[in-house]
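Structure first, commentary second.
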Amino acid sequence: MIGLFRNKDLVLGVRFGEIAKAYPFENMSDLAVINDTVDGNPIVVVYYAEEQFAVPYSRIFEGRELTFDMVESNNPVMPFFMKDRETETIWDMMGNAVGGQFRGQKLIMTPSHTAMWFAWATFWQNTGIY
């Protein structure tokens, strides 16, 4: 499996117990909001290529499963925002609700690692790949 990407390609690695998934930076567009599920855990991965910023958050919030879409930003600090379909709350890339029903609250970050592909694939040889 190590040969799928170049050894030093960066990936965001997420795991729940023994189930792991890699989100290679090169597989994501320059700006990305990815709704996914890893081992039954709904997550959203936020990615900003220019800053090599990749963070996963739980999509379960206040007992509800949310689905996120990217929305444009005219804020020079935030290249984009997210809007959940269920409550239409606006969230920034750091997981902060900046408008709508949950304004002032924060998404729960999912534990993750940014690593080079060779390291992630060595430790998690059965990793899923986005």
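To be explicit about the labels: the chains of the structure tokens are called A, B, and onward in the order shown, and within each one the residues are counted from 1, while ligands get numbers from 1 in the order they are shown.
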
>> Considering only strand (DSSP E) as DSSP defines it on the backbone, what residues of chain A qualify? List them as a PyMOL selection string.
In response: chain A and resi 10-16+19-24+31-38+41-48+53-58+60-61+64-65+68-72+80-84+90-91+97-99+112-116+128-129

Per-residue nearest contacts stretch 63-114 of chain A to stretch 21-34 of chain A, cut-off 10 Å, using only C-alpha atoms, as a tab-separated table:
residue	atom	partner	partner_atom	distance
A:Thr67	CA	A:Ile34	CA	9.3
A:Phe68	CA	A:Val33	CA	7.0
A:Asp69	CA	A:Val33	CA	6.5
A:Met70	CA	A:Val33	CA	6.0
A:Val71	CA	A:Val33	CA	9.7
A:Pro79	CA	A:Leu31	CA	8.2
A:Phe80	CA	A:Leu31	CA	7.9
A:Phe81	CA	A:Val33	CA	9.2
A:Met82	CA	A:Val33	CA	7.5
A:Met93	CA	A:Val33	CA	9.3
A:Ser112	CA	A:Ala22	CA	9.8
A:His113	CA	A:Ala22	CA	9.5
A:Thr114	CA	A:Tyr23	CA	9.3

Take the residues from that selection and write them out as a PDB file, in the first residue's frame, keeping C-alpha atoms.
ATOM      1  CA  THR A  67     -24.263  17.861   6.568  1.00  0.00           C
ATOM      2  CA  PHE A  68     -21.987  20.713   5.532  1.00  0.00           C
ATOM      3  CA  ASP A  69     -21.578  22.710   2.341  1.00  0.00           C
ATOM      4  CA  MET A  70     -18.915  25.280   1.540  1.00  0.00           C
ATOM      5  CA  VAL A  71     -20.064  28.889   1.287  1.00  0.00           C
ATOM      6  CA  PRO A  79     -11.170  31.769   2.611  1.00  0.00           C
ATOM      7  CA  PHE A  80     -14.557  30.052   3.043  1.00  0.00           C
ATOM      8  CA  PHE A  81     -17.213  29.163   5.575  1.00  0.00           C
ATOM      9  CA  MET A  82     -19.434  26.113   5.992  1.00  0.00           C
ATOM     10  CA  MET A  93     -12.892  26.690   9.372  1.00  0.00           C
ATOM     11  CA  SER A 112      -6.281  13.242  13.882  1.00  0.00           C
ATOM     12  CA  HIS A 113      -2.685  13.420  12.706  1.00  0.00           C
ATOM     13  CA  THR A 114      -1.052  15.144   9.779  1.00  0.00           C
TER      14      THR A 114
END

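Restricting the calculation to only C-alpha atoms, the smallest distance between A:Met78 and any of A:Gly40, A:Gln105, A:Gly100, A:Glu50 is found for A:Glu50.
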
>> As an exercise, work out the distance from atom CA of A:Arg15 to atom CA of A:Gly128 in Å and give it to one decimal place.
In response: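 Spanning atom CA of A:Arg15 to atom CA of A:Gly128 is a straight-line distance of 9.7 Å.
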
>> With only C-alpha atoms as the counted atoms, please give the residues lying no more than 10 Å from A:Leu107, apart from itself and same-chain residues fewer than 6 positions off, as JSON, numbers by chain.
In response: {"A": [56, 57, 58, 59, 60, 61, 62, 91, 92, 94, 95, 96, 97]}

>> Just to confirm, what's the straight-line distance from atom CA of A:Glu51 to atom CA of A:Phe16 in Å (one decimal)?
In response: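 Straight-line distance from atom CA of A:Glu51 to atom CA of A:Phe16 works out to 26.0 Å.
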
>> Report, in Å to a single decimal, how far apart atom CA of A:Ile108 and atom CA of A:Leu12 are.
In response: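 Separating atom CA of A:Leu12 from atom CA of A:Ile108 is a distance of 16.7 Å.
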
>> When you look at A:Phe118 with a cut-off of 12 Å (counting only C-alpha atoms), what residues show up, excluding the ones that are within fewer than 5 positions of it in the same chain? I need them as an MDAnalysis selection string.
In response: chainID A and resid 1:11 13 22 24 123:125 127

> Out of chain A, which residues get alpha helix (DSSP H) from DSSP, as a ChimeraX atom specification?
Replying inline: /A:117-123

Go ahead and save the picked residues with N, CA and C atoms, as a PDB file, in the first residue's frame.
ATOM      1  N   TRP A 117       2.843  10.320   4.031  1.00  0.00           N
ATOM      2  CA  TRP A 117       2.177   9.093   3.622  1.00  0.00           C
ATOM      3  C   TRP A 117       2.913   7.849   4.108  1.00  0.00           C
ATOM      4  N   PHE A 118       4.238   7.803   3.938  1.00  0.00           N
ATOM      5  CA  PHE A 118       4.966   6.584   4.305  1.00  0.00           C
ATOM      6  C   PHE A 118       4.792   6.250   5.784  1.00  0.00           C
ATOM      7  N   ALA A 119       4.751   7.260   6.633  1.00  0.00           N
ATOM      8  CA  ALA A 119       4.609   7.017   8.070  1.00  0.00           C
ATOM      9  C   ALA A 119       3.200   6.522   8.393  1.00  0.00           C
ATOM     10  N   TRP A 120       2.184   7.206   7.860  1.00  0.00           N
ATOM     11  CA  TRP A 120       0.808   6.792   8.122  1.00  0.00           C
ATOM     12  C   TRP A 120       0.569   5.374   7.618  1.00  0.00           C
ATOM     13  N   ALA A 121       0.989   5.088   6.380  1.00  0.00           N
ATOM     14  CA  ALA A 121       0.743   3.779   5.772  1.00  0.00           C
ATOM     15  C   ALA A 121       1.537   2.669   6.456  1.00  0.00           C
ATOM     16  N   THR A 122       2.665   3.003   7.059  1.00  0.00           N
ATOM     17  CA  THR A 122       3.444   1.996   7.782  1.00  0.00           C
ATOM     18  C   THR A 122       2.722   1.572   9.051  1.00  0.00           C
ATOM     19  N   PHE A 123       2.191   2.547   9.794  1.00  0.00           N
ATOM     20  CA  PHE A 123       1.500   2.224  11.041  1.00  0.00           C
ATOM     21  C   PHE A 123       0.089   1.713  10.817  1.00  0.00           C
TER      22      PHE A 123
END
